[in-house]
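> Below is the structure I would like to discuss, written out as structure tokens.
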Amino acid sequence: MSSPETYPDELLYHPEHDWARIEDREATFGITWYAQNQLGEIVFVDGAKIGDDLKQGEPYVELESVKAVSEVIAPLSGRIVAVNEAAAEEPDSVNRSPYEQGWLVRVALTDPAERDALLSSAAYRELIA
Amino acid sequence: MRETPLHQRHREAGARLVPFAGWEMPVQYMGIREEHQAVRTAAGVFDVSHMGEVESSGPGALDFLQRVLSNDVAKIPVGGAQYSLLCREDGGVLDDLFTYRLGEQRYLTVTNAANHERDFEWMAAHGDGFDVEVADRHADYAMLALQGPDARAIAATLVEGRLPARMTCAAMEVAGVTALVAGTGYTGEDGLELLLPPDGAVAVWDALLAAGAVPVGLGARDTLRLEVCFHLYGNELSEQRDPVTSGLGWCCKEETGFIGAETVARVRAEGAAEQLVAFTMPAGGIAREGNPVAGGGVVTSGTMSPSLGVGAGMAYVPADRAEPGTEIEIDVRGRIRGAEIVTKPLYRREESQ
């Protein structure tokens with residue numbers, strides 16, 4: 001069900017196992033390979049709506065595996081401008097492709113300077129090692 | 001943390017090990033859904049060595065068990081098996097258990113891991129006045145469950161002679177190890193449970209895997225039992241509810257005079273205020289244990305049903321709103337989710353002709 005373990009260099013990482021792909025004033029969020037592996041097969045994605053305001057470090061969506069539910073933390077603050085409906089329909093895409101098909105939301109950032117608090121791929125890999 | 005004789009095997013198989021009732025147990029190997037499907041379509045083997053055993057033997061064993069167990073123990077023939085409850089005087093359920101009759105005056109009762117010590121103490125304390133020896137046999141047995149449509153064919157390659165039919169048991173050699181083999185299980189599939197000497201557990205486990213069974217963890221054990229609406233102690237069963245309310249009046253025989261019989265008789269006559277129902281969530285969402293039901297009631301178990309592909313579970317609801325077809329609302333961590341009460345079980349295997 002899952003992809004090989006990777007942490008792409010072009011992403012920034014939150015220590016709660018989330019990634020952000022920043023493009024100007026917007027960013028795409030998702031969970032890391034490590035997070036999806038810990039959760040096991042994801043069967044339900046729920047809770048994020050376009051227009052929701054997210055605050056860095058606070059939960060914005062729930063991912064459920066067969067056994068348990070986990071909250072996903074926003075790596076940066078902003079307002080949701082898109083939700084990945086394909087991931088809601090096929091939740092295991094978060095397992096199969098955590099950085100591509102399995103993205104969760106796209107956000108208009110309200111405080112891009114918050115990125116300074118995020119980790120590089122190398123620093124995140126050190127954290128989970 | 002206690003470990004079963006198969007602990008090293010679980011590690012080698014890449015299992016995710018978690019604390020469970022004081023034991024470190026495998027929750028999954030490949031993944032819960034895959035393991036669940038293996039049991040529904042082929043065969044899986046579970047290490048359930050954390051479960052306990054209490055042996056009752058002697059001329060007074062039957063009379064003793066009639067007093068402490070809810071079912072009519074006199075109905076178990078030698079080589080038979082029976083499901084029953086252990087109750088307090090007020091009907092509160094202490095455990096649900098299987099009892100196997102090993103001989104004319106010998107019975108083995110299998111307990112839930114979390115309750116084993118309390119069960120044994122309760123049984124031992126109520127042995128006064130009966131000519132019975134009550135012995136804690138937990139350390140003497142490992143236990144495996146081999147379940148699924150292919151379970152018997154796999155076991156047949158490792159034994160001489162006939163495997164015991166459903167709800168019966170027999171002592172026999174399995175892969176060279178003397179085992180008590182029982183036609184029982186907790187998955188809704190055909191299958192066997194094996195009680196083994198702990199030092200023989202690895203040999204039997206290896207032989208079962210070599211013969212085609214896949215290892216299955218406690219995660220899939222829970223989804224499998226929930227789909228067929230088997231009770232789990234601590235979820236559907238507790239000291240706070242009596243057997244009739246819990247939907248287990250069928251395994252209580254008040255005429256045997258068991259501890260708790262008066263309460264059972266009263267609740268049966270008056271009718272229970274609550275009922276245990278099964279529900280599905282076709283509109284989405286997964287309710288979990290403890291989620292409140294709007295208008296009264298509580299979810300006892302909830303999961304994504306691998307066989308149905310939707311959220312499903314069991315809940316206690318007021319008896320006047322327990323009919324299949326009734327729409328209910330469940331508060332799932334602050335979000336109201338629709339659910340429908342359905343006929344139990346949630347999943348039924350296709351009977352072969």
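Just so we're on the same page: first chain in the structure tokens is A, next is B, and so on; residues restart at 1 for each chain, and ligands are numbered from 1 in the order they show up.
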Looking only at alpha helix (DSSP H) from DSSP on the backbone, list the matching residues of range 99-278 of chain B as a VMD selection string.

chain B and resid 116 to 125 151 to 156 201 to 210 218 to 227 261 to 270

> Would you give me, as CSV, each residue of chain A having an atom within 7 Å of an atom of chain B, along with its shortest atom pair and that distance in Å to one decimal, using only C-alpha atoms and sorting by chain and residue number?


residue,atom,partner,partner_atom,distance
A:Gly40,CA,B:Gly31,CA,6.9
A:Glu41,CA,B:Gly31,CA,6.9
A:Val66,CA,B:Met304,CA,5.4
A:Lys67,CA,B:Thr303,CA,6.6

> To one decimal in Å, tell me the separation between CA of Asp53 in chain A and CA of Arg333 in chain B.

19.3 Å

> Go through B:Tyr347, B:Tyr83, B:Tyr233, B:Phe20 and flag the residue nearest Asn112 in chain B, using only C-alpha atoms for the distances.

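Checking each of B:Tyr347, B:Tyr83, B:Tyr233, B:Phe20 against Asn112 in chain B, counting only C-alpha atoms, the winner is B:Tyr233.
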